[in-house]
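Inspection log for the structure reproduced underneath, given as structure tokens.
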Amino acid sequence: MTPHASNPDAWRDVDRYLTDQLVQQDAALTETLASSEREGLPAIEVAPTHAKLLHLLARMVGARRVLEIGTLGGYSTTWLARAVPDDGVVVTCEAVPHHAEVAERNLTRAGVGDRVQIRVGSALDTLTALADDGTEPFDFVFIDADKANNPHYFEWAMNLTRPGGVIVCDNVVRGGRVVDDASTDADIVGTRTFLGLIGSDPRVDATAIQTVGLKGWDGFAIALVR
Ligand code: SAH
Ligand code: DHB
Ligand code: MG
């Protein structure tokens with residue numbers, strides 16, 4: 001037996017180890033997590049190793065304009081904002097005003113407040129407004145809000161992303177519940193419909209990866225816009 005058999009405690013131990021080895025979190029990021037907890041936000045932000053994956057993917061595509069759907073306390077937002085150049089921008093959508101207020105403070109403390117626009121309101125409304133305003137195309141989109149709307153978020157992301165851009169969607173595995181084809185849970189149905197769309201839409205090449213770690217068993221879908 002290896003010291004780490006395959007179980008959720010071992011996943012967390014290994015993720016903690018990988019975080020210690022690979023993810024340099026400054027005081028602003030740890031304070032973002034601490035203040036989110038103090039303010040009573042749910043601890044559903046991406047894990048540090050996964051936040052850094054998003055950051056690296058955004059840099060790999062040379063992202064200058066990032067769209068995020070689901071801000072929470074601004075943890076993933078900070079990582080994405082630190083991936084764009086000084087004149088880059090992250091537009092992030094959040095429905096809950098209290099989440100947006102906490103995020104605003106955290107982003108300012110992290111020194112990226114000037115390059116992040118938090119749009120408070122239902123993301124579908126914000127996306128409609130962005131399109132109506134003729135917003136410039138985005139290079140990178142991170143979908144991480146209400147999973148029931150993922151099929152709609154994918155359509156909006158397609159409308160708003162440049163060729164060669166990347167769309168990433170969080171939480172597509174949900175502890176394995178994604179394979180339950182009898183599920184009536186709107187989040188599962190939304191995720192399954194979303195995966196069907198990205199798997200068959202000729203405008204993208206897509207895959208998904210399962211993840212284990214500090215946040216349990218879940219996964220990301222990743223689509224490259226052709
Ligand atoms: N991306 C964040 C976590 C987001 S959690 C991180 O990893 O750090 C999901 C967020 O989406 C919550 O803050 C929730 O309030 C928000 N949300 C849920 N439904 C929404 C909607 N319809 N429009 C905009 N935001 C929504
Ligand atoms: C939930 C949402 C998330 O974005 C996440 O990463 C984990 C959990 C949720 O709504 O339960
Ligand atoms: Mg998520």
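Quick note on naming: the chains in the structure tokens go A, B, ... in the order shown, residues restart at 1 in each chain, and ligands are numbered from 1 in order of appearance.
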Given a cut-off of 9 Å, what residues near ligand 1 show up using only C-alpha atoms and all ligand atoms, put as number ranges by chain?
-> A: 33, 41-47, 50-51, 68-79, 92-100, 119-126, 142-149, 170
Those in chain A with alpha helix (DSSP H) from DSSP, as an MDAnalysis selection string = chainID A and resid 8:22 27:38 48:60 75:81 97:109 123:132 150:160 186:200
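Minimum atom-to-atom distances from A:Phe140, A:Tyr17, A:Phe220, A:Trp156 to Ala81 (chain A) were compared using only C-alpha atoms, and the lowest value belongs to A:Phe140.
Close contacts of Pro85 (chain A), defined as residues with an atom at most 12 Å away when counting only C-alpha atoms, with chain neighbours fewer than 3 positions off set aside, comprise Ala58, Arg59, Gly62, Ala63, Arg64, Arg65, Val66, Leu80, Ala81, Arg82, Gly88, Val89, Val90, Val112, Asp114, Arg115 and Val116 of chain A.
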What would the file look like if the residues just selected were written as a PDB file, in the first residue's frame with C-alpha atoms?
```
ATOM      1  CA  ALA A  58      -5.688  32.497 -19.868  1.00  0.00           C
ATOM      2  CA  ARG A  59      -2.006  33.373 -20.277  1.00  0.00           C
ATOM      3  CA  GLY A  62      -2.668  35.568 -24.474  1.00  0.00           C
ATOM      4  CA  ALA A  63      -5.953  36.714 -23.016  1.00  0.00           C
ATOM      5  CA  ARG A  64      -6.472  40.477 -22.739  1.00  0.00           C
ATOM      6  CA  ARG A  65     -10.234  40.326 -22.269  1.00  0.00           C
ATOM      7  CA  VAL A  66     -11.732  37.779 -19.875  1.00  0.00           C
ATOM      8  CA  LEU A  80      -7.787  35.736 -13.941  1.00  0.00           C
ATOM      9  CA  ALA A  81      -7.135  39.458 -13.510  1.00  0.00           C
ATOM     10  CA  ARG A  82      -3.502  38.664 -12.774  1.00  0.00           C
ATOM     11  CA  GLY A  88      -6.502  44.034 -20.020  1.00  0.00           C
ATOM     12  CA  VAL A  89      -9.917  43.616 -18.479  1.00  0.00           C
ATOM     13  CA  VAL A  90     -12.004  41.036 -16.635  1.00  0.00           C
ATOM     14  CA  VAL A 112      -6.582  44.530  -9.680  1.00  0.00           C
ATOM     15  CA  ASP A 114      -8.835  48.895 -11.943  1.00  0.00           C
ATOM     16  CA  ARG A 115      -8.954  46.060 -14.461  1.00  0.00           C
ATOM     17  CA  VAL A 116     -12.065  44.253 -13.188  1.00  0.00           C
TER      18      VAL A 116
END
```
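Nearest residue to Asn150 (chain A) among A:Arg16, A:Arg38, A:Arg192, A:Arg174 is A:Arg192, counting only C-alpha atoms.
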Residue nearest ligand 3 - candidates A:Ala129, A:Ala221, A:Ala110, A:Leu67, atoms counted: only C-alpha atoms and all ligand atoms | A:Ala221
Please provide the set of residues having any atom within 12 Å of Thr207 (chain A), restricted to only C-alpha atoms, with same-chain residues fewer than 5 positions apart removed, written as a ChimeraX atom specification.
-> /A:166-169,172,194-200,219-224
